[in-house]
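Q: This is the structure, below, for whatever I ask next.
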Amino acid sequence: MKQEFKASINRALNDANLTGALGKFSEAYKVNRTKAYEGIDFEELRGRIAEAKSAAACHLDEVAETFRKNAEALGAKVFRTRDPEEVKQYILKVARENGVKNVVKSKSMATEEIHLNQALLQDGISVAETDLGEWIIQLAGQTPSHMVMPAIHMTKEEVADIFSKEVNERLDTDIPRLVKVARNELRPKFLEADMGISGGNIAVAETGSIVLVTNEGNARLVTTLPRIHVALIGVEKLVEKFETVVPILDALPRSATAQLLTSYVSIITGPTRNDDGSEKELHIILMDNQRTEMAKDPKFKQALQCIRCGSCLNVCPIFRLVGGHVFGKVYTGGIGTILTAWFDELKKSEEIQGLCIQCGNCTQVCPGKLDIPEMIMEIRRRLVLEKGQPLVQKAIFSVVNNRKLFHGMLRAASVAGKPFTSGKFIRHLPLFLSELTDGRSLPAIAEKPFRDLYAGIEQPKGKEKAVFYAGCLIDFAYPETGVALVKLLNKAGIEVIFPEEQTCCGAPALYSGAYEVAAQNAADNITALLEQDAQYVVSACPTCTVALAHDFAKTLEAVGRTEWLDKARQLAEKTVDLATLVKRLVDQGRLSFQEGADLGKITYHDSCHLKRTLKVSEQPRELLQQAGYQVEEMFECDMCCGMGGSYSMKLPEISAPILKRKLKNIKDTGAPLVAMDCPGCVLQISGGFDQDGAPVRVKHTAELLAERLKD
Amino acid sequence: MYEQFKARAVGVGAEVHRVGTCSDAVEFILSFLKQEGIAETPGSYAVWAKGSFLEAVDRGALAGVPGLGFEVTRERAAQAKVGISDMSFAVADTGSLVQDQAAPDQRLASALTGIHIALVPSGNIVADKTALFTRINPKSSRYIAFITGPSRTADIERVLTIGVHGPERLIILFVDELGGEQR
Ligand code: SF4
Ligand code: SF4
């Protein structure tokens, strides 16, 4: 990672105003959003939106043409172009032909995307942004940090300074007063302007309508007072039917600002009269700028379902720490990474794609049903294809792809009794070998890995068998979790088989975009795990479970090794996470816990992959309760702990404050014990408490349950 | 539905009233204008946009009110404290008002002024947007405007602040006598 990028991260992290304000905002947002959606079936709603937008994206050209015909029949002038340069030329031409001197704009990300203001200014035309946030950053000479709240990174003190300069008067930080200043300053600009430029939140093909959604009322003035109205709209805003406006209006304000509806919505269908009786000139520009290419790409077509609500930023643990500017100048956050990769170029996303920790929070709230982490993974894959893997990474993964060498090294690390520090590439090995222990200790490699302990466990022989997939962390750092798993399953009469040939699940390689490496790991594991005849393949690591149950097939397909797909699916069908399996066994009466125990308070941390990919969250809680614990929920129990596999190695400066928050939320419950179902989270959180010093025990649920089995 | 509408609209900062007859409405407005000190001085005007309400009432009572004008120009509206206009529909589940504002004076009166008084037929409250969409048609209405509460922003430190570019007060006056169904 380049120095410059790391420096921008550090600047953002050290900006207490920024991280404080964003943190508070994201906490409040979650509550308010939930309230705004009360009584609404969000899954059904976003299903309708995604379907309608996806349908439009399937034949973008046709839909755009229908829009053009219908809007032109009403008297609007519609200009379609792929090229941002042509957009600017078109607007400048209209301006010149009409002697335009002053432009007022309402908020439009499309104009930011093509840097329209610069072009107008260069042509001697004065431009005023009229959305308050946009005006603030225009005066400050900055770029938006959030697509809905462009000035969210600024304090009222900064705003007061900027406004004071503008009005030549010392203003204090009274916010209503500052807002009044903006009203008074911008009012004459509205009245004088000869051209109004807006964006468009929706464009309806069958009626030729554009829909504008605002709170301040500036879009109403921009589309009413100047004699010319230019609307610049990205083609992803097109929908076929007028009826689709309803679900989008149901979701957009709720998701964007937790409002039931914004103060103003305007549906403009063709030109109207100006107040002097003349007909308004209405120009609608449908801009492509790579969107058609995106629509043709099966992995990225879904990006056109985005309604630009910004909620993915509001729930992102990374965005709320570093804010928007680290991501770039136009679109920010996870969605911004994707749009930058396409609208700008893939290379531009090289650094920022690494900011996504793959927690999946955004996928839960996105009204367009975008899978942002999946698209970011695809960007990683393509970057590796285009540029090759970094040398160091390549060296590491060549080790990971050689099971004997890899495991041999892990054993050697244990013998040495401390994490590897010799040899350059070893230090960067995924997960456990690193000098980066800021705010977190790393686990010592176990003296005896699970694979050695396994041989010594006496098991009842039975008809029912489960293959255990341990994964690197349980095998080499937390073998006791594996031992607990065997105890639990044995108790229910299930024999546990541990195939020696199993190896790394490939997640570290996959999440780094090294698909070939991950595919080889997948193939090796499929062979090892299917060799044995067993009812289940069980894992106590959600990341591994996701690899077995979801990623293997996708990865093998992505690299073209389709001959493996059948077997990958067979494996996926058998795969189950431990919590789900144990819960099933308890429900069937095959496992039970000692009765009458009161084990006191415990709190539970939801691991990202378990909760959001595998959709398991109630089972472990119920099991812990059945075992005698009293579960005390922590604040943001399902927020990422900052581990993210090798993320905590690559971006320790971001991982550390996320962990700190998690530790605080755990401590605030007053519970002396925290349970979780992921060895990666155990590593991160127990390492955190080791340095923090608080007397909180950190345990994998499996161990807590195994202790309480009935004899 | 009136009660639901009222709760929602008040929730977003609108003021909601209801009268029986058109002459009650006129009385309400005249006393409001007086209370707000409407006068023939810039900044203190009131503008009233043409629409079905004005067609329905005897305008005699409205003649000669100082500061009140029915020609809604941009100059006049920009210097008006109060703007009065019809709104055709009220949407109960979001507390929104909706009207075809293709005529620019409707927009000037409801966008440039400090206080917007909206006259709404009590019979035209609909449950939600889906119900509304059976009553509005972009083919015949070129500028369909939704208004939900006063103008607002949260762009400075996410603090909700009322009255940015549009009115800082929205006063909704339901008039039973206007019935419903008409636009
Ligand atoms: S997956 Fe998590 S880290 Fe990545 S963009 Fe979404 S919320 Fe942010
Ligand atoms: S990706 Fe989804 S959540 Fe993010 S802005 Fe687009 S629609 Fe909203």
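We name chains A, B, ... following the order of the structure tokens; residues begin at 1 in each chain, and ligands are numbered from 1 as shown.
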Mind the document's chain letters and residue numbers, and return as a PyMOL selection string the residues of range 3-155 of chain B that DSSP labels alpha helix (DSSP H).
A: chain B and resi 3-11+22-35+52-56+74-78+104-111+129-132
Q: What do you get as number ranges by chain if you pick all residues at most 7 Å from ligand 1, counting only C-alpha atoms and all ligand atoms?
A: A: 312-313, 315-319, 333-335, 355-363, 372-373
Q: Hey, which residues come within 9 Å of ligand 2 if we count only C-alpha atoms and all ligand atoms? Could you give them as a ChimeraX atom specification?
A: /A:147-148,252,255-256,303-314,333-336,362-372
Q: Each residue of range 59-132 of chain B with at least one atom at most 8 Å from range 146-162 of chain B should appear once, together with its nearest atom pair and the corresponding distance in Å (one decimal); atoms considered: only C-alpha atoms; ordering: chain, then increasing residue number; output as JSON lines.
A:
{"residue": "B:Thr94", "atom": "CA", "partner": "B:Thr148", "partner_atom": "CA", "distance": 7.6}
{"residue": "B:Gly95", "atom": "CA", "partner": "B:Thr148", "partner_atom": "CA", "distance": 6.2}
{"residue": "B:Ser96", "atom": "CA", "partner": "B:Thr148", "partner_atom": "CA", "distance": 4.4}
{"residue": "B:Leu97", "atom": "CA", "partner": "B:Ile147", "partner_atom": "CA", "distance": 5.1}
{"residue": "B:Val98", "atom": "CA", "partner": "B:Phe146", "partner_atom": "CA", "distance": 4.6}
{"residue": "B:Gln99", "atom": "CA", "partner": "B:Phe146", "partner_atom": "CA", "distance": 6.8}
Q: I need the residues from that last selection saved to file as an mmCIF file, in the first residue's frame (with all heavy atoms), if you can.
A:
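File produced: result.cif:
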data_model
loop_
_atom_site.group_PDB
_atom_site.id
_atom_site.type_symbol
_atom_site.label_atom_id
_atom_site.label_comp_id
_atom_site.auth_asym_id
_atom_site.auth_seq_id
_atom_site.Cartn_x
_atom_site.Cartn_y
_atom_site.Cartn_z
ATOM 1 N N THR B 94 -47.922 9.275 5.210
ATOM 2 C CA THR B 94 -46.686 10.051 5.333
ATOM 3 C C THR B 94 -46.934 11.504 5.730
ATOM 4 O O THR B 94 -45.992 12.258 5.939
ATOM 5 C CB THR B 94 -45.880 10.051 4.005
ATOM 6 O OG1 THR B 94 -46.722 10.544 2.956
ATOM 7 C CG2 THR B 94 -45.394 8.654 3.641
ATOM 8 N N GLY B 95 -48.209 11.907 5.805
ATOM 9 C CA GLY B 95 -48.508 13.296 6.157
ATOM 10 C C GLY B 95 -48.167 14.279 5.049
ATOM 11 O O GLY B 95 -47.789 15.417 5.307
ATOM 12 N N SER B 96 -48.295 13.824 3.798
ATOM 13 C CA SER B 96 -47.883 14.650 2.658
ATOM 14 C C SER B 96 -49.081 15.284 1.952
ATOM 15 O O SER B 96 -50.185 14.743 1.968
ATOM 16 C CB SER B 96 -47.157 13.778 1.624
ATOM 17 O OG SER B 96 -46.157 13.025 2.227
ATOM 18 N N LEU B 97 -48.814 16.415 1.308
ATOM 19 C CA LEU B 97 -49.796 17.048 0.443
ATOM 20 C C LEU B 97 -49.322 16.918 -0.997
ATOM 21 O O LEU B 97 -48.120 16.938 -1.249
ATOM 22 C CB LEU B 97 -49.933 18.536 0.790
ATOM 23 C CG LEU B 97 -50.290 18.855 2.242
ATOM 24 C CD1 LEU B 97 -50.292 20.358 2.446
ATOM 25 C CD2 LEU B 97 -51.653 18.257 2.596
ATOM 26 N N VAL B 98 -50.291 16.800 -1.921
ATOM 27 C CA VAL B 98 -49.914 16.601 -3.318
ATOM 28 C C VAL B 98 -50.798 17.462 -4.217
ATOM 29 O O VAL B 98 -51.998 17.608 -3.967
ATOM 30 C CB VAL B 98 -50.071 15.115 -3.726
ATOM 31 C CG1 VAL B 98 -49.682 14.911 -5.186
ATOM 32 C CG2 VAL B 98 -49.228 14.223 -2.827
ATOM 33 N N GLN B 99 -50.150 18.039 -5.236
ATOM 34 C CA GLN B 99 -50.924 18.819 -6.187
ATOM 35 C C GLN B 99 -50.200 18.905 -7.526
ATOM 36 O O GLN B 99 -48.973 18.834 -7.595
ATOM 37 C CB GLN B 99 -51.123 20.242 -5.657
ATOM 38 C CG GLN B 99 -52.113 21.033 -6.498
ATOM 39 C CD GLN B 99 -51.981 22.527 -6.286
ATOM 40 O OE1 GLN B 99 -50.957 22.993 -5.801
ATOM 41 N NE2 GLN B 99 -53.018 23.271 -6.630
#
Q: Residues near Leu614 in chain A, anyone? I mean within 8 Å using only C-alpha atoms, not counting same-chain ones fewer than 4 positions away, as a PyMOL selection string.
A: chain A and resi 542+546+609-610
Q: The selected residues should be written to file as a PDB file, in the first residue's frame (atoms: all heavy atoms).
A:
ATOM      1  N   PRO A 542     -16.892 -20.111  11.106  1.00  0.00           N
ATOM      2  CA  PRO A 542     -17.851 -19.664  10.082  1.00  0.00           C
ATOM      3  C   PRO A 542     -17.186 -19.315   8.749  1.00  0.00           C
ATOM      4  O   PRO A 542     -17.772 -19.546   7.690  1.00  0.00           O
ATOM      5  CB  PRO A 542     -18.489 -18.420  10.698  1.00  0.00           C
ATOM      6  CG  PRO A 542     -18.240 -18.526  12.158  1.00  0.00           C
ATOM      7  CD  PRO A 542     -16.972 -19.286  12.326  1.00  0.00           C
ATOM      8  N   VAL A 546     -18.368 -21.020   5.379  1.00  0.00           N
ATOM      9  CA  VAL A 546     -18.776 -20.279   4.186  1.00  0.00           C
ATOM     10  C   VAL A 546     -17.952 -20.735   2.984  1.00  0.00           C
ATOM     11  O   VAL A 546     -18.478 -20.894   1.881  1.00  0.00           O
ATOM     12  CB  VAL A 546     -18.626 -18.754   4.407  1.00  0.00           C
ATOM     13  CG1 VAL A 546     -18.774 -17.995   3.097  1.00  0.00           C
ATOM     14  CG2 VAL A 546     -19.671 -18.272   5.407  1.00  0.00           C
ATOM     15  N   HIS A 609     -19.630 -13.674   9.283  1.00  0.00           N
ATOM     16  CA  HIS A 609     -20.012 -14.723   8.346  1.00  0.00           C
ATOM     17  C   HIS A 609     -21.127 -15.608   8.894  1.00  0.00           C
ATOM     18  O   HIS A 609     -21.979 -16.082   8.168  1.00  0.00           O
ATOM     19  CB  HIS A 609     -18.803 -15.594   7.990  1.00  0.00           C
ATOM     20  CG  HIS A 609     -17.950 -14.976   6.930  1.00  0.00           C
ATOM     21  ND1 HIS A 609     -16.578 -14.959   7.000  1.00  0.00           N
ATOM     22  CD2 HIS A 609     -18.271 -14.335   5.792  1.00  0.00           C
ATOM     23  CE1 HIS A 609     -16.099 -14.340   5.922  1.00  0.00           C
ATOM     24  NE2 HIS A 609     -17.109 -13.951   5.188  1.00  0.00           N
ATOM     25  N   LEU A 610     -21.128 -15.805  10.203  1.00  0.00           N
ATOM     26  CA  LEU A 610     -22.150 -16.669  10.781  1.00  0.00           C
ATOM     27  C   LEU A 610     -23.514 -15.996  10.701  1.00  0.00           C
ATOM     28  O   LEU A 610     -24.500 -16.596  10.293  1.00  0.00           O
ATOM     29  CB  LEU A 610     -21.811 -16.997  12.248  1.00  0.00           C
ATOM     30  CG  LEU A 610     -22.694 -18.078  12.864  1.00  0.00           C
ATOM     31  CD1 LEU A 610     -22.454 -19.421  12.191  1.00  0.00           C
ATOM     32  CD2 LEU A 610     -22.452 -18.210  14.372  1.00  0.00           C
TER      33      LEU A 610
END
Q: Mind checking which residues fall within 9 Å of Ala251 in chain A, counting only C-alpha atoms, ignoring those fewer than 6 positions away in the same chain, and posting them as JSON, numbers by chain?
A: {"A": [37, 42, 45, 46, 49, 260, 261, 309, 367]}
Q: Considering only C-alpha atoms, return as a list of chain:residue names whatever protein or nucleic-acid residues lie within 7 Å of Ala118 in chain B, sequence-local ones (same chain, fewer than 5 positions apart) excluded.
A: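 The residues satisfying every condition are B:Ile84, B:Ser85, B:Asp86, B:Met87, B:Ile171, B:Ile172, B:Leu173.
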Q: Output N, CA, C and O atoms for every residue in that selection, as a PDB file, in the first residue's frame.
A:
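File written: selection.pdb
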ATOM      1  N   ILE B  84     -50.377  31.423  -0.039  1.00  0.00           N
ATOM      2  CA  ILE B  84     -51.560  30.579   0.137  1.00  0.00           C
ATOM      3  C   ILE B  84     -51.814  29.853  -1.186  1.00  0.00           C
ATOM      4  O   ILE B  84     -51.755  30.462  -2.254  1.00  0.00           O
ATOM      5  N   SER B  85     -52.046  28.558  -1.110  1.00  0.00           N
ATOM      6  CA  SER B  85     -52.354  27.830  -2.347  1.00  0.00           C
ATOM      7  C   SER B  85     -53.193  26.606  -2.028  1.00  0.00           C
ATOM      8  O   SER B  85     -53.255  26.159  -0.887  1.00  0.00           O
ATOM      9  N   ASP B  86     -53.828  26.086  -3.068  1.00  0.00           N
ATOM     10  CA  ASP B  86     -54.559  24.830  -2.911  1.00  0.00           C
ATOM     11  C   ASP B  86     -53.578  23.661  -2.942  1.00  0.00           C
ATOM     12  O   ASP B  86     -52.553  23.730  -3.602  1.00  0.00           O
ATOM     13  N   MET B  87     -53.918  22.603  -2.265  1.00  0.00           N
ATOM     14  CA  MET B  87     -53.245  21.329  -2.482  1.00  0.00           C
ATOM     15  C   MET B  87     -54.367  20.314  -2.660  1.00  0.00           C
ATOM     16  O   MET B  87     -55.327  20.310  -1.899  1.00  0.00           O
ATOM     17  N   ILE B 171     -48.786  25.407   7.093  1.00  0.00           N
ATOM     18  CA  ILE B 171     -50.064  25.363   7.798  1.00  0.00           C
ATOM     19  C   ILE B 171     -51.092  24.715   6.874  1.00  0.00           C
ATOM     20  O   ILE B 171     -51.338  25.202   5.764  1.00  0.00           O
ATOM     21  N   ILE B 172     -51.616  23.603   7.321  1.00  0.00           N
ATOM     22  CA  ILE B 172     -52.543  22.858   6.478  1.00  0.00           C
ATOM     23  C   ILE B 172     -53.966  23.116   6.973  1.00  0.00           C
ATOM     24  O   ILE B 172     -54.262  22.931   8.155  1.00  0.00           O
ATOM     25  N   LEU B 173     -54.817  23.565   6.076  1.00  0.00           N
ATOM     26  CA  LEU B 173     -56.194  23.870   6.451  1.00  0.00           C
ATOM     27  C   LEU B 173     -57.142  22.997   5.629  1.00  0.00           C
ATOM     28  O   LEU B 173     -57.298  23.185   4.424  1.00  0.00           O
TER      29      LEU B 173
END
